Amino acid sequence: MTLSCQRSTSLSRLRLAGRLFVLALLAAGAAGLWVERGALEPATITATIAHYPAAPLVFLALHVIASLLFVPRTMLGLVAGLVFGLWWGVVWAALGSMCGAVAGFLIARYVNGGLIEPEALPRLGPMLQRAEAGGWRAVTVLRLIPVIPHSLTNYALGLTRLSLGGYAVGSLLGQLPMTIAYVSFGAAGGRIGSGGENWLAPALIGVVALGASILLPRLHKKHLTTPQN
């Protein structure tokens, strides 16, 4: 019995050390990015990754790191449009955004390990409970409505009991309008910068997608507040 308790205590300490190490690593990364924030300009990131043969893989890795360290995903959307163009830019930016969201979700779930119950959080708790009860649909709506920043949403939803599959699908769908908008603007800017004339189409697509990202949450809210017969 004593040996079993000792092993349990050692494992608990090891888990705690692992969680603290992950938190320290994230804090150090965020501080390093703040010091070197000049390197976060879309043009700088584009120049850094564009010459790599495996640029899509580099972009995906960068997107995951950026999502973990509170870098706005809109910036990565612009980079995707500049590097890959409109259509492939949407593909890689959407995939990178979802991978970053999943990474933050899993890290929060690992670090938390049941220490924090969502319902115990005074202001955030009710929102997290609704997301947990609503599954992927609730996650989609939450992503459409910019209540809290992207990275913080990833970590906050990791405190819930949402399934990973439902969370990933909801994140992908909810983030898609803004992803399309900023990739389109990046593609249009890239065409203008290279002296191309076909910049109007991606710019218009970006305007429509941006309008959809603003309109859809309002339509959803109106639907919820409309009395049902």
# chains A, B, ... in the order shown; residues from 1 in each chain; ligands from 1
$ residues_around --residues "Gly190 (chain A)" --least-positions-apart "5" --cutoff "9 Å" --atoms "only C-alpha atoms" --output "list in words"
Gly81, Leu82, Val83, Gly85, Phe185, Gly195, Gly196 and Trp199 of chain A
$ write_last_selection --atoms "C-alpha atoms" --output "JSON list (two decimals), in the first residue's frame"
[["chain", "number", "residue", "atom", "x", "y", "z"],
["A", 81, "GLY", "CA", -2.74, 35.02, -49.59],
["A", 82, "LEU", "CA", 0.63, 36.58, -50.34],
["A", 83, "VAL", "CA", 2.54, 33.29, -50.51],
["A", 85, "GLY", "CA", -2.50, 33.00, -53.75],
["A", 185, "PHE", "CA", -7.02, 40.62, -49.14],
["A", 195, "GLY", "CA", 2.10, 44.79, -60.88],
["A", 196, "GLY", "CA", -0.73, 42.42, -61.75],
["A", 199, "TRP", "CA", -6.55, 42.08, -58.03]]
$ closest_atom_pairs --of "region 74-98 of chain A" --to "region 55-64 of chain A" --cutoff "7 Å" --atoms "only C-alpha atoms" --output "JSON lines"
{"residue": "A:Leu76", "atom": "CA", "partner": "A:His63", "partner_atom": "CA", "distance": 6.7}
{"residue": "A:Trp92", "atom": "CA", "partner": "A:Pro56", "partner_atom": "CA", "distance": 6.8}
{"residue": "A:Gly96", "atom": "CA", "partner": "A:Leu60", "partner_atom": "CA", "distance": 4.9}
{"residue": "A:Ser97", "atom": "CA", "partner": "A:His63", "partner_atom": "CA", "distance": 6.6}
$ write_last_selection --atoms "N, CA and C atoms" --output "compact mmCIF listing (two decimals), in the first residue's frame"
# COMPACT_ATOMS: atom_id res chain seq x y z
N LEU A 76 -1.76 35.71 -40.30
CA LEU A 76 -1.38 34.52 -41.04
C LEU A 76 -2.25 34.35 -42.28
N TRP A 92 -4.64 26.33 -47.10
CA TRP A 92 -3.59 26.22 -46.08
C TRP A 92 -3.92 27.05 -44.85
N GLY A 96 -4.33 25.46 -41.28
CA GLY A 96 -3.45 25.94 -40.22
C GLY A 96 -4.22 26.49 -39.04
N SER A 97 -5.31 27.21 -39.33
CA SER A 97 -6.13 27.77 -38.27
C SER A 97 -6.76 26.67 -37.43
$ atom_distance --atom1 "CA of Cys99 (chain A)" --atom2 "CA of Ser67 (chain A)"
8.8 Å
$ atom_distance --atom1 "CA of Val111 (chain A)" --atom2 "CA of Arg161 (chain A)"
14.1 Å
$ closest_residue --among "A:Arg143, A:Glu117, A:Ile45, A:Ala212" --to "Leu173 (chain A)" --atoms "only C-alpha atoms"
A:Arg143
$ residues_around --residues "Leu144 (chain A)" --least-positions-apart "4" --cutoff "7 Å" --atoms "only C-alpha atoms" --output "tab-separated table (two decimals) with C-alpha atoms, in the first residue's frame"
chain	number	residue	atom	x	y	z
A	140	THR	CA	-19.15	27.35	-34.83
A	174	GLY	CA	-16.69	29.18	-37.64
A	175	GLN	CA	-13.27	30.51	-38.62
A	213	SER	CA	-18.43	37.23	-40.96
A	217	PRO	CA	-23.55	36.34	-36.00
$ select_by_dssp --residues "region 86-184 of chain A" --states "helix (DSSP H, G or I)" --output "MDAnalysis selection string"
chainID A and resid 86:112 118:120 125:144 150:157 164:184
$ write_last_selection --atoms "C-alpha atoms" --output "PDB file, in the first residue's frame"
ATOM      1  CA  LEU A  86      -6.256  32.944 -53.262  1.00  0.00           C
ATOM      2  CA  TRP A  87      -7.456  29.344 -53.474  1.00  0.00           C
ATOM      3  CA  TRP A  88      -4.465  27.475 -52.081  1.00  0.00           C
ATOM      4  CA  GLY A  89      -4.089  30.250 -49.540  1.00  0.00           C
ATOM      5  CA  VAL A  90      -7.606  29.534 -48.245  1.00  0.00           C
ATOM      6  CA  VAL A  91      -6.824  25.809 -48.042  1.00  0.00           C
ATOM      7  CA  TRP A  92      -3.593  26.219 -46.081  1.00  0.00           C
ATOM      8  CA  ALA A  93      -4.874  29.046 -43.883  1.00  0.00           C
ATOM      9  CA  ALA A  94      -8.053  27.144 -42.975  1.00  0.00           C
ATOM     10  CA  LEU A  95      -6.052  23.992 -42.204  1.00  0.00           C
ATOM     11  CA  GLY A  96      -3.454  25.944 -40.218  1.00  0.00           C
ATOM     12  CA  SER A  97      -6.133  27.773 -38.269  1.00  0.00           C
ATOM     13  CA  MET A  98      -7.844  24.504 -37.360  1.00  0.00           C
ATOM     14  CA  CYS A  99      -4.529  22.832 -36.399  1.00  0.00           C
ATOM     15  CA  GLY A 100      -3.633  25.821 -34.219  1.00  0.00           C
ATOM     16  CA  ALA A 101      -7.046  25.709 -32.564  1.00  0.00           C
ATOM     17  CA  VAL A 102      -6.718  21.978 -31.866  1.00  0.00           C
ATOM     18  CA  ALA A 103      -3.204  22.421 -30.447  1.00  0.00           C
ATOM     19  CA  GLY A 104      -4.353  25.087 -27.994  1.00  0.00           C
ATOM     20  CA  PHE A 105      -7.385  22.996 -27.037  1.00  0.00           C
ATOM     21  CA  LEU A 106      -5.295  19.903 -26.281  1.00  0.00           C
ATOM     22  CA  ILE A 107      -2.651  21.837 -24.357  1.00  0.00           C
ATOM     23  CA  ALA A 108      -5.300  23.481 -22.173  1.00  0.00           C
ATOM     24  CA  ARG A 109      -6.925  20.105 -21.536  1.00  0.00           C
ATOM     25  CA  TYR A 110      -3.550  18.608 -20.561  1.00  0.00           C
ATOM     26  CA  VAL A 111      -2.467  21.488 -18.348  1.00  0.00           C
ATOM     27  CA  ASN A 112      -5.872  21.761 -16.655  1.00  0.00           C
ATOM     28  CA  PRO A 118     -15.848  25.581 -16.290  1.00  0.00           C
ATOM     29  CA  GLU A 119     -18.999  26.183 -14.243  1.00  0.00           C
ATOM     30  CA  ALA A 120     -16.869  27.610 -11.438  1.00  0.00           C
ATOM     31  CA  GLY A 125     -18.326  29.686 -17.128  1.00  0.00           C
ATOM     32  CA  PRO A 126     -21.841  30.095 -18.598  1.00  0.00           C
ATOM     33  CA  MET A 127     -20.468  30.591 -22.108  1.00  0.00           C
ATOM     34  CA  LEU A 128     -18.277  27.494 -21.834  1.00  0.00           C
ATOM     35  CA  GLN A 129     -21.181  25.451 -20.519  1.00  0.00           C
ATOM     36  CA  ARG A 130     -23.339  26.486 -23.481  1.00  0.00           C
ATOM     37  CA  ALA A 131     -20.530  25.552 -25.870  1.00  0.00           C
ATOM     38  CA  GLU A 132     -20.133  22.179 -24.169  1.00  0.00           C
ATOM     39  CA  ALA A 133     -23.858  21.468 -24.372  1.00  0.00           C
ATOM     40  CA  GLY A 134     -24.193  22.660 -27.983  1.00  0.00           C
ATOM     41  CA  GLY A 135     -21.276  20.688 -29.431  1.00  0.00           C
ATOM     42  CA  TRP A 136     -19.855  21.635 -32.828  1.00  0.00           C
ATOM     43  CA  ARG A 137     -22.755  23.969 -33.638  1.00  0.00           C
ATOM     44  CA  ALA A 138     -22.106  26.041 -30.526  1.00  0.00           C
ATOM     45  CA  VAL A 139     -18.377  26.143 -31.296  1.00  0.00           C
ATOM     46  CA  THR A 140     -19.152  27.345 -34.834  1.00  0.00           C
ATOM     47  CA  VAL A 141     -21.304  30.189 -33.527  1.00  0.00           C
ATOM     48  CA  LEU A 142     -18.744  31.106 -30.876  1.00  0.00           C
ATOM     49  CA  ARG A 143     -16.043  31.292 -33.554  1.00  0.00           C
ATOM     50  CA  LEU A 144     -18.252  33.514 -35.700  1.00  0.00           C
ATOM     51  CA  HIS A 150      -8.754  33.296 -31.084  1.00  0.00           C
ATOM     52  CA  SER A 151      -5.949  31.877 -28.921  1.00  0.00           C
ATOM     53  CA  LEU A 152      -7.801  32.518 -25.687  1.00  0.00           C
ATOM     54  CA  THR A 153     -10.879  30.785 -27.121  1.00  0.00           C
ATOM     55  CA  ASN A 154      -8.747  27.733 -27.904  1.00  0.00           C
ATOM     56  CA  TYR A 155      -7.462  27.526 -24.343  1.00  0.00           C
ATOM     57  CA  ALA A 156     -10.840  28.301 -22.772  1.00  0.00           C
ATOM     58  CA  LEU A 157     -12.692  25.599 -24.717  1.00  0.00           C
ATOM     59  CA  LEU A 164     -12.113  16.820 -30.032  1.00  0.00           C
ATOM     60  CA  GLY A 165     -13.916  16.028 -33.298  1.00  0.00           C
ATOM     61  CA  GLY A 166     -16.822  18.371 -32.589  1.00  0.00           C
ATOM     62  CA  TYR A 167     -14.473  21.113 -31.495  1.00  0.00           C
ATOM     63  CA  ALA A 168     -12.317  20.761 -34.639  1.00  0.00           C
ATOM     64  CA  VAL A 169     -15.306  20.808 -37.014  1.00  0.00           C
ATOM     65  CA  GLY A 170     -16.905  23.787 -35.269  1.00  0.00           C
ATOM     66  CA  SER A 171     -13.625  25.698 -35.263  1.00  0.00           C
ATOM     67  CA  LEU A 172     -13.043  25.044 -38.967  1.00  0.00           C
ATOM     68  CA  LEU A 173     -16.522  26.196 -39.985  1.00  0.00           C
ATOM     69  CA  GLY A 174     -16.694  29.179 -37.643  1.00  0.00           C
ATOM     70  CA  GLN A 175     -13.274  30.512 -38.617  1.00  0.00           C
ATOM     71  CA  LEU A 176     -13.789  30.053 -42.365  1.00  0.00           C
ATOM     72  CA  PRO A 177     -15.421  33.419 -43.275  1.00  0.00           C
ATOM     73  CA  MET A 178     -12.656  35.502 -41.683  1.00  0.00           C
ATOM     74  CA  THR A 179     -10.031  33.162 -43.113  1.00  0.00           C
ATOM     75  CA  ILE A 180     -11.379  33.627 -46.645  1.00  0.00           C
ATOM     76  CA  ALA A 181     -11.582  37.401 -46.127  1.00  0.00           C
ATOM     77  CA  TYR A 182      -7.993  37.945 -45.051  1.00  0.00           C
ATOM     78  CA  VAL A 183      -6.496  35.439 -47.490  1.00  0.00           C
ATOM     79  CA  SER A 184      -8.355  37.248 -50.271  1.00  0.00           C
TER      80      SER A 184
END
$ atom_distance --atom1 "CA of Ile145 (chain A)" --atom2 "CA of Ala187 (chain A)"
24.8 Å
$ decode --residues "region 69-97 of chain A" --atoms "N, CA and C atoms" --output "mmCIF file, in the first residue's frame"
data_model
loop_
_atom_site.group_PDB
_atom_site.id
_atom_site.type_symbol
_atom_site.label_atom_id
_atom_site.label_comp_id
_atom_site.auth_asym_id
_atom_site.auth_seq_id
_atom_site.Cartn_x
_atom_site.Cartn_y
_atom_site.Cartn_z
ATOM 1 N N LEU A 69 0.723 31.261 -29.232
ATOM 2 C CA LEU A 69 1.389 32.417 -28.608
ATOM 3 C C LEU A 69 0.643 33.724 -28.830
ATOM 4 N N PHE A 70 -0.657 33.630 -29.107
ATOM 5 C CA PHE A 70 -1.544 34.803 -29.164
ATOM 6 C C PHE A 70 -1.239 35.755 -30.324
ATOM 7 N N VAL A 71 -0.666 35.239 -31.407
ATOM 8 C CA VAL A 71 -0.489 36.046 -32.617
ATOM 9 C C VAL A 71 -1.806 36.030 -33.369
ATOM 10 N N PRO A 72 -2.345 37.183 -33.786
ATOM 11 C CA PRO A 72 -3.638 37.207 -34.493
ATOM 12 C C PRO A 72 -3.592 36.345 -35.757
ATOM 13 N N ARG A 73 -4.590 35.487 -35.922
ATOM 14 C CA ARG A 73 -4.605 34.618 -37.093
ATOM 15 C C ARG A 73 -4.888 35.381 -38.376
ATOM 16 N N THR A 74 -5.433 36.606 -38.239
ATOM 17 C CA THR A 74 -5.652 37.428 -39.432
ATOM 18 C C THR A 74 -4.333 37.715 -40.152
ATOM 19 N N MET A 75 -3.270 37.860 -39.373
ATOM 20 C CA MET A 75 -1.961 38.114 -39.967
ATOM 21 C C MET A 75 -1.501 36.924 -40.801
ATOM 22 N N LEU A 76 -1.756 35.714 -40.300
ATOM 23 C CA LEU A 76 -1.380 34.516 -41.038
ATOM 24 C C LEU A 76 -2.252 34.345 -42.279
ATOM 25 N N GLY A 77 -3.497 34.826 -42.217
ATOM 26 C CA GLY A 77 -4.346 34.800 -43.397
ATOM 27 C C GLY A 77 -3.799 35.671 -44.504
ATOM 28 N N LEU A 78 -3.326 36.856 -44.157
ATOM 29 C CA LEU A 78 -2.700 37.736 -45.147
ATOM 30 C C LEU A 78 -1.459 37.085 -45.748
ATOM 31 N N VAL A 79 -0.662 36.449 -44.890
ATOM 32 C CA VAL A 79 0.553 35.778 -45.371
ATOM 33 C C VAL A 79 0.195 34.651 -46.339
ATOM 34 N N ALA A 80 -0.847 33.882 -46.021
ATOM 35 C CA ALA A 80 -1.267 32.783 -46.896
ATOM 36 C C ALA A 80 -1.655 33.308 -48.272
ATOM 37 N N GLY A 81 -2.365 34.439 -48.302
ATOM 38 C CA GLY A 81 -2.743 35.019 -49.587
ATOM 39 C C GLY A 81 -1.545 35.512 -50.380
ATOM 40 N N LEU A 82 -0.573 36.075 -49.668
ATOM 41 C CA LEU A 82 0.631 36.582 -50.339
ATOM 42 C C LEU A 82 1.495 35.457 -50.888
ATOM 43 N N VAL A 83 1.626 34.367 -50.121
ATOM 44 C CA VAL A 83 2.538 33.286 -50.507
ATOM 45 C C VAL A 83 1.895 32.306 -51.484
ATOM 46 N N PHE A 84 0.649 31.913 -51.209
ATOM 47 C CA PHE A 84 0.030 30.826 -51.970
ATOM 48 C C PHE A 84 -1.051 31.279 -52.941
ATOM 49 N N GLY A 85 -1.409 32.556 -52.894
ATOM 50 C CA GLY A 85 -2.499 32.998 -53.747
ATOM 51 C C GLY A 85 -3.843 32.749 -53.090
ATOM 52 N N LEU A 86 -4.916 32.978 -53.849
ATOM 53 C CA LEU A 86 -6.256 32.944 -53.262
ATOM 54 C C LEU A 86 -6.694 31.542 -52.836
ATOM 55 N N TRP A 87 -6.814 30.623 -53.781
ATOM 56 C CA TRP A 87 -7.456 29.344 -53.474
ATOM 57 C C TRP A 87 -6.598 28.450 -52.594
ATOM 58 N N TRP A 88 -5.327 28.267 -52.947
ATOM 59 C CA TRP A 88 -4.465 27.475 -52.081
ATOM 60 C C TRP A 88 -4.219 28.181 -50.758
ATOM 61 N N GLY A 89 -4.235 29.501 -50.785
ATOM 62 C CA GLY A 89 -4.089 30.250 -49.540
ATOM 63 C C GLY A 89 -5.221 29.950 -48.570
ATOM 64 N N VAL A 90 -6.461 29.869 -49.095
ATOM 65 C CA VAL A 90 -7.606 29.534 -48.245
ATOM 66 C C VAL A 90 -7.444 28.127 -47.668
ATOM 67 N N VAL A 91 -7.001 27.193 -48.503
ATOM 68 C CA VAL A 91 -6.824 25.809 -48.042
ATOM 69 C C VAL A 91 -5.822 25.737 -46.896
ATOM 70 N N TRP A 92 -4.644 26.326 -47.096
ATOM 71 C CA TRP A 92 -3.593 26.219 -46.081
ATOM 72 C C TRP A 92 -3.918 27.051 -44.846
ATOM 73 N N ALA A 93 -4.523 28.215 -45.044
ATOM 74 C CA ALA A 93 -4.874 29.046 -43.883
ATOM 75 C C ALA A 93 -5.973 28.400 -43.050
ATOM 76 N N ALA A 94 -6.976 27.813 -43.712
ATOM 77 C CA ALA A 94 -8.053 27.144 -42.975
ATOM 78 C C ALA A 94 -7.512 25.939 -42.203
ATOM 79 N N LEU A 95 -6.646 25.157 -42.864
ATOM 80 C CA LEU A 95 -6.052 23.992 -42.204
ATOM 81 C C LEU A 95 -5.150 24.419 -41.053
ATOM 82 N N GLY A 96 -4.334 25.459 -41.275
ATOM 83 C CA GLY A 96 -3.454 25.944 -40.218
ATOM 84 C C GLY A 96 -4.221 26.494 -39.038
ATOM 85 N N SER A 97 -5.314 27.213 -39.335
ATOM 86 C CA SER A 97 -6.133 27.773 -38.269
ATOM 87 C C SER A 97 -6.763 26.675 -37.430
#
